[in-house]
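Visitor: Following this line is model_34.cif, made up of mmCIF, C-alpha atoms:
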```cif
data_start
#
loop_
_atom_site.label_atom_id
_atom_site.label_comp_id
_atom_site.auth_asym_id
_atom_site.auth_seq_id
_atom_site.Cartn_x
_atom_site.Cartn_y
_atom_site.Cartn_z
CA MET A 1291 112.04 -105.37 178.14
CA LEU A 1292 109.49 -104.34 180.79
CA LYS A 1293 105.83 -105.25 180.46
CA ILE A 1294 103.31 -104.08 183.03
CA GLU A 1295 99.93 -105.70 182.40
CA HIS A 1296 96.80 -104.61 184.31
CA LEU A 1297 98.77 -103.84 187.48
CA THR A 1298 96.60 -103.14 190.51
CA LYS A 1299 97.76 -102.39 194.05
CA ASN A 1300 95.44 -101.55 196.94
CA TYR A 1301 96.18 -100.05 200.34
CA GLY A 1302 93.01 -100.86 202.24
CA ASP A 1303 90.16 -99.16 200.36
CA LYS A 1304 92.52 -96.97 198.33
CA LYS A 1305 93.66 -98.06 194.87
CA ALA A 1306 97.25 -96.83 194.65
CA VAL A 1307 97.60 -98.29 191.14
CA ASP A 1308 94.49 -99.07 189.12
CA ASP A 1309 94.71 -101.46 186.13
CA LEU A 1310 97.94 -99.97 184.77
CA SER A 1311 99.50 -101.34 181.58
CA LEU A 1312 102.78 -100.11 180.04
CA HIS A 1313 105.37 -101.62 177.70
CA ILE A 1314 108.99 -100.40 177.69
CA LYS A 1315 111.06 -101.71 174.80
CA PRO A 1316 114.86 -102.19 174.54
CA GLY A 1317 116.55 -98.94 173.62
CA GLU A 1318 113.82 -96.71 175.08
CA ILE A 1319 114.06 -94.04 177.74
CA TYR A 1320 110.57 -94.01 179.21
CA GLY A 1321 109.49 -91.22 181.55
CA PHE A 1322 106.84 -91.72 184.24
CA ILE A 1323 105.07 -88.52 185.31
CA GLY A 1324 102.54 -87.79 188.03
CA HIS A 1325 101.82 -85.71 191.11
CA ASN A 1326 102.87 -86.81 194.58
CA GLY A 1327 100.76 -89.81 195.56
CA ALA A 1328 99.76 -90.62 191.97
CA GLY A 1329 101.14 -94.16 192.19
CA LYS A 1330 104.56 -93.75 190.59
CA THR A 1331 106.70 -95.11 193.42
CA THR A 1332 104.24 -97.95 194.09
CA THR A 1333 104.49 -98.97 190.44
CA ILE A 1334 108.27 -98.71 190.42
CA LYS A 1335 108.67 -100.77 193.58
CA ALA A 1336 106.34 -103.43 192.18
CA CYS A 1337 108.45 -103.57 189.00
CA CYS A 1338 111.58 -104.09 191.12
CA GLY A 1339 110.05 -106.90 193.17
CA ILE A 1340 110.12 -104.84 196.36
CA LEU A 1341 106.35 -104.55 196.69
CA GLN A 1342 103.73 -107.24 196.23
CA TYR A 1343 100.70 -106.34 194.11
CA ASP A 1344 97.11 -107.51 194.15
CA SER A 1345 96.60 -108.37 190.50
CA GLY A 1346 98.20 -108.07 187.07
CA GLU A 1347 101.55 -109.20 185.77
CA ILE A 1348 105.03 -107.71 185.48
CA THR A 1349 107.62 -109.32 183.22
CA ILE A 1350 111.27 -108.38 182.77
CA ASP A 1351 112.77 -109.51 179.46
CA GLY A 1352 110.01 -112.11 179.21
CA VAL A 1353 110.41 -113.40 182.79
CA SER A 1354 107.60 -113.09 185.34
CA MET A 1355 108.46 -111.11 188.46
CA LYS A 1356 106.01 -113.21 190.49
CA GLN A 1357 107.23 -116.58 189.24
CA ASP A 1358 110.98 -115.94 189.05
CA PRO A 1359 111.94 -112.78 190.96
CA ILE A 1360 115.62 -113.70 191.29
CA THR A 1361 116.14 -113.94 187.52
CA CYS A 1362 114.22 -110.70 187.03
CA LYS A 1363 116.30 -108.88 189.62
CA SER A 1364 119.53 -110.10 188.02
CA LYS A 1365 118.54 -108.23 184.85
CA ILE A 1366 117.65 -104.90 186.44
CA ALA A 1367 119.04 -102.13 188.59
CA TYR A 1368 116.97 -99.90 190.86
CA ILE A 1369 117.93 -96.40 191.93
CA PRO A 1370 115.53 -95.01 194.58
CA ASP A 1371 114.90 -91.32 195.18
CA ASN A 1372 116.48 -91.56 198.62
CA PRO A 1373 119.28 -94.16 198.59
CA ASP A 1374 119.20 -96.30 201.72
CA LEU A 1375 122.78 -97.54 201.77
CA TYR A 1376 124.78 -99.47 204.36
CA GLU A 1377 126.32 -96.50 206.12
CA PHE A 1378 128.73 -98.57 208.21
CA MET A 1379 130.53 -99.51 204.98
CA THR A 1380 132.95 -97.40 203.03
CA GLY A 1381 132.03 -96.49 199.48
CA ILE A 1382 134.38 -99.06 197.96
CA GLN A 1383 133.16 -101.79 200.33
CA PHE A 1384 129.59 -101.13 199.25
CA LEU A 1385 130.47 -101.25 195.55
CA ASN A 1386 132.34 -104.52 195.99
CA PHE A 1387 129.43 -105.90 197.99
CA VAL A 1388 127.02 -105.12 195.14
CA ALA A 1389 129.47 -106.49 192.57
CA ASP A 1390 129.70 -109.73 194.58
CA ILE A 1391 125.91 -110.10 194.58
CA PHE A 1392 125.75 -109.81 190.80
CA GLY A 1393 128.84 -111.94 190.19
CA VAL A 1394 130.88 -109.21 188.52
CA THR A 1395 134.47 -110.33 187.99
CA ALA A 1396 137.33 -108.55 189.76
CA GLU A 1397 138.65 -107.19 186.46
CA LYS A 1398 135.33 -105.83 185.26
CA ARG A 1399 134.35 -104.31 188.60
CA LYS A 1400 137.68 -102.53 188.91
CA GLU A 1401 137.33 -101.12 185.41
CA ARG A 1402 133.74 -99.95 185.93
CA ILE A 1403 134.31 -98.56 189.42
CA ASN A 1404 137.31 -96.56 188.20
CA LYS A 1405 135.40 -95.32 185.15
CA TYR A 1406 132.28 -94.14 186.94
CA ALA A 1407 133.87 -92.98 190.20
CA ASP A 1408 136.24 -90.77 188.21
CA ALA A 1409 133.39 -89.48 186.05
CA PHE A 1410 131.25 -88.61 189.10
CA GLU A 1411 134.32 -87.26 190.92
CA ILE A 1412 134.04 -89.38 194.06
CA THR A 1413 137.11 -91.59 193.66
CA GLY A 1414 138.82 -89.82 196.56
CA ASP A 1415 135.82 -90.46 198.82
CA LEU A 1416 135.44 -94.21 198.25
CA GLY A 1417 137.59 -95.00 201.28
CA SER A 1418 135.37 -92.93 203.57
CA PRO A 1419 132.35 -94.32 205.44
CA ILE A 1420 129.05 -93.75 203.64
CA SER A 1421 127.73 -92.16 206.83
CA ALA A 1422 129.98 -89.18 206.04
CA TYR A 1423 128.56 -88.74 202.52
CA SER A 1424 126.20 -85.95 201.52
CA HIS A 1425 122.89 -86.85 199.87
CA GLY A 1426 124.37 -86.07 196.47
CA MET A 1427 127.37 -88.33 197.08
CA LYS A 1428 125.09 -91.16 198.20
CA GLN A 1429 123.06 -90.70 195.03
CA LYS A 1430 126.23 -90.91 192.93
CA LEU A 1431 127.33 -94.06 194.77
CA ALA A 1432 123.91 -95.65 194.22
CA ILE A 1433 124.11 -94.84 190.51
CA ILE A 1434 127.59 -96.36 190.19
CA SER A 1435 126.47 -99.50 192.04
CA ALA A 1436 123.55 -99.83 189.62
CA LEU A 1437 125.86 -99.76 186.61
CA LEU A 1438 128.35 -102.39 187.77
CA HIS A 1439 126.55 -105.43 186.30
CA GLU A 1440 125.49 -103.66 183.09
CA PRO A 1441 121.75 -104.21 183.63
CA LYS A 1442 119.34 -104.64 180.74
CA LEU A 1443 116.84 -102.40 182.51
CA ILE A 1444 117.39 -99.53 184.93
CA ILE A 1445 114.42 -98.38 186.99
CA MET A 1446 114.86 -95.02 188.70
CA ASP A 1447 112.70 -92.97 191.05
CA GLU A 1448 113.52 -89.25 190.75
CA PRO A 1449 117.16 -89.94 189.79
CA PHE A 1450 118.18 -86.29 189.43
CA VAL A 1451 117.20 -85.25 192.98
CA GLY A 1452 120.31 -84.20 194.90
CA LEU A 1453 122.65 -84.26 191.91
CA ASP A 1454 124.62 -81.17 190.93
CA PRO A 1455 124.28 -79.90 187.32
CA LYS A 1456 127.48 -81.63 186.17
CA ALA A 1457 126.42 -85.00 187.60
CA THR A 1458 122.93 -84.56 186.13
CA HIS A 1459 124.43 -83.95 182.68
CA LEU A 1460 126.68 -86.98 183.09
CA LEU A 1461 123.79 -89.25 184.13
CA LYS A 1462 121.71 -88.16 181.15
CA GLY A 1463 124.62 -89.05 178.87
CA ILE A 1464 125.01 -92.47 180.51
CA MET A 1465 121.29 -93.12 180.09
CA LYS A 1466 121.48 -92.33 176.37
CA ASP A 1467 124.60 -94.47 175.92
CA MET A 1468 123.01 -97.46 177.65
CA CYS A 1469 119.89 -97.27 175.52
CA SER A 1470 121.95 -96.98 172.34
CA GLU A 1471 123.45 -100.34 173.33
CA GLY A 1472 120.03 -101.97 173.77
CA SER A 1473 119.21 -101.43 177.44
CA ALA A 1474 116.00 -99.72 178.57
CA ILE A 1475 115.32 -97.09 181.21
CA PHE A 1476 112.09 -96.45 183.11
CA PHE A 1477 112.18 -93.48 185.46
CA SER A 1478 109.93 -91.10 187.31
CA THR A 1479 110.64 -87.40 187.50
CA HIS A 1480 109.02 -84.11 188.42
CA VAL A 1481 111.47 -82.23 186.18
CA LEU A 1482 109.22 -82.08 183.12
CA GLU A 1483 111.67 -80.11 180.98
CA VAL A 1484 114.26 -82.87 181.42
CA ALA A 1485 111.70 -85.56 180.60
CA GLU A 1486 110.61 -83.71 177.47
CA LYS A 1487 114.15 -83.45 176.13
CA LEU A 1488 115.41 -86.87 177.26
CA CYS A 1489 112.58 -89.37 176.87
CA ASP A 1490 111.52 -91.33 173.82
CA LYS A 1491 108.18 -92.11 175.44
CA VAL A 1492 106.26 -90.89 178.46
CA ALA A 1493 103.33 -91.96 180.60
CA ILE A 1494 101.24 -89.69 182.83
CA ILE A 1495 99.50 -91.25 185.83
CA LYS A 1496 96.86 -89.64 188.04
CA GLY A 1497 95.15 -91.23 191.02
CA GLY A 1498 96.66 -94.58 190.10
CA LYS A 1499 95.19 -94.51 186.59
CA LEU A 1500 97.07 -94.09 183.32
CA MET A 1501 95.98 -90.83 181.70
CA ARG A 1502 98.27 -90.57 178.68
CA SER A 1503 101.09 -92.63 177.19
CA GLY A 1504 103.04 -92.84 173.96
CA THR A 1505 105.88 -91.09 172.19
CA MET A 1506 106.71 -87.61 173.41
CA GLU A 1507 105.20 -86.15 170.23
CA GLU A 1508 101.98 -88.16 170.66
CA VAL A 1509 101.55 -87.08 174.28
CA LYS A 1510 102.42 -83.39 174.06
CA GLY A 1511 101.40 -82.57 170.48
CA ASP A 1512 102.05 -78.92 169.65
CA THR A 1513 102.26 -77.80 173.25
CA SER A 1514 104.69 -78.64 176.09
CA LEU A 1515 104.71 -81.64 178.41
CA GLU A 1516 104.21 -79.23 181.30
CA ASN A 1517 101.03 -77.83 179.76
CA VAL A 1518 99.64 -81.32 179.07
CA PHE A 1519 100.41 -82.38 182.65
CA LEU A 1520 98.81 -79.30 184.18
CA ASP A 1521 95.71 -79.64 181.99
CA LEU A 1522 95.28 -83.26 183.09
CA GLU A 1523 95.76 -82.28 186.74
CA GLU A 1524 92.92 -79.76 186.46
CA GLU A 1525 90.50 -82.34 185.06
CA LYS A 1526 88.01 -83.78 187.56
#
```
Once you've parsed the file, please lay out its structure as structure tokens.
Guide:
Amino acid sequence: MLKIEHLTKNYGDKKAVDDLSLHIKPGEIYGFIGHNGAGKTTTIKACCGILQYDSGEITIDGVSMKQDPITCKSKIAYIPDNPDLYEFMTGIQFLNFVADIFGVTAEKRKERINKYADAFEITGDLGSPISAYSHGMKQKLAIISALLHEPKLIIMDEPFVGLDPKATHLLKGIMKDMCSEGSAIFFSTHVLEVAEKLCDKVAIIKGGKLMRSGTMEEVKGDTSLENVFLDLEEEK
């Protein structure tokens, strides 16, 4: 579903991402772990077509992000760590705007908006301007907007930041349901306990380089993901 092949991104003399290769298959929840500045967000933005990269290739469902970004973007949804929404719109206006972009029919958008807005308990706030929303409410709105076109791949950067425990539990359930239906999820997180319980596979990045990747059992062995991560961080 998502293939990252020898991805390299430089900022001047600094290699933010250094020859990174990862494959995320349909049905997988793939966690992306690393310290601040390790290259996670750079990688994620490159996968979403937001950021140009210096070399390598990214394909979404067999389509090259460089050669056909529009088709790639039609297959994915991106949820950033700090949703930058159109605050002059109301919640429902924003959701309809996103649904229009992806060509979601009136019937399907109504059904999905009702389903997810009720589940995240923001139905009563959809008529209010987004400028009045808390960070958590904006995060919920961004999540709902990402689900409207039933993407084949969801890419998320710290998706649980700002969510209350109930919304976090709900999102984890949605992620599992989507993958059981053949979608894939690639997300970064600092909450290692959540990653350990939720992910099928995990990759650890440090200084732009891939340090470990594979199934959760292959990466953590008989210890915890936290211990593996801390051991790698201490290595020179």
Visitor: I'd like the contact shell of Thr1458 of chain A - 12 Å cut-off, all atoms listed in the file, skipping same-chain residues fewer than 2 positions apart - returned as a compact mmCIF listing (two decimals) with C-alpha atoms, keeping the file's coordinate frame.
Guide:
```txt
# COMPACT_ATOMS: atom_id res chain seq x y z
CA ALA A 1409 133.39 -89.48 186.05
CA PHE A 1410 131.25 -88.61 189.10
CA GLY A 1426 124.37 -86.07 196.47
CA GLN A 1429 123.06 -90.70 195.03
CA LYS A 1430 126.23 -90.91 192.93
CA ILE A 1433 124.11 -94.84 190.51
CA GLU A 1448 113.52 -89.25 190.75
CA PRO A 1449 117.16 -89.94 189.79
CA PHE A 1450 118.18 -86.29 189.43
CA VAL A 1451 117.20 -85.25 192.98
CA GLY A 1452 120.31 -84.20 194.90
CA LEU A 1453 122.65 -84.26 191.91
CA ASP A 1454 124.62 -81.17 190.93
CA PRO A 1455 124.28 -79.90 187.32
CA LYS A 1456 127.48 -81.63 186.17
CA LEU A 1460 126.68 -86.98 183.09
CA LEU A 1461 123.79 -89.25 184.13
CA LYS A 1462 121.71 -88.16 181.15
CA GLY A 1463 124.62 -89.05 178.87
CA ILE A 1464 125.01 -92.47 180.51
CA MET A 1465 121.29 -93.12 180.09
CA VAL A 1481 111.47 -82.23 186.18
CA VAL A 1484 114.26 -82.87 181.42
CA LEU A 1488 115.41 -86.87 177.26
```
Visitor: List the residues matched by the PyMOL selection byres ((chain A and resi 1505) around 8) in the displayed structure as a PyMOL selection string, ordered by chain and then by residue number.
Guide: chain A and resi 1490-1492+1503-1504+1506-1509
Visitor: Care to translate the PyMOL selection byres ((chain A and resi 1292) around 7) into actual residues of this file, as number ranges by chain?
Guide: A: 1291, 1293-1294, 1313-1315, 1349-1351
Visitor: Per residue of segment 1465-1502 of chain A within 10 Å of segment 1354-1368 of chain A, which atom pair is closest and at what distance in Å (one decimal), using only C-alpha atoms, listed by chain and increasing number, as JSON lines?
Guide:
```
{"residue": "A:Ser1473", "atom": "CA", "partner": "A:Ile1366", "partner_atom": "CA", "distance": 9.8}
{"residue": "A:Ala1474", "atom": "CA", "partner": "A:Ile1366", "partner_atom": "CA", "distance": 9.6}
{"residue": "A:Ile1475", "atom": "CA", "partner": "A:Ala1367", "partner_atom": "CA", "distance": 9.7}
{"residue": "A:Phe1476", "atom": "CA", "partner": "A:Tyr1368", "partner_atom": "CA", "distance": 9.8}
{"residue": "A:Phe1477", "atom": "CA", "partner": "A:Tyr1368", "partner_atom": "CA", "distance": 9.7}
```
Visitor: Keeping only C-alpha atoms, take the residues you just selected and write them out as a PDB file, keeping the file's coordinate frame.
Guide:
```
ATOM      1  CA  SER A1473     119.210-101.430 177.440  1.00  0.00           C
ATOM      2  CA  ALA A1474     116.000 -99.720 178.570  1.00  0.00           C
ATOM      3  CA  ILE A1475     115.320 -97.090 181.210  1.00  0.00           C
ATOM      4  CA  PHE A1476     112.090 -96.450 183.110  1.00  0.00           C
ATOM      5  CA  PHE A1477     112.180 -93.480 185.460  1.00  0.00           C
TER       6      PHE A1477
END
```
Visitor: Can you list, as number ranges by chain, the residues that the PyMOL selection byres ((chain A and resi 1414-1419) around 8) selects here?
Guide: A: 1377-1382, 1411-1413, 1420-1423
Visitor: Could you jot down the atom CA of Val1388 of chain A to atom CA of Ile1369 of chain A separation for me, Å, one decimal place?
Guide: 13.0 Å
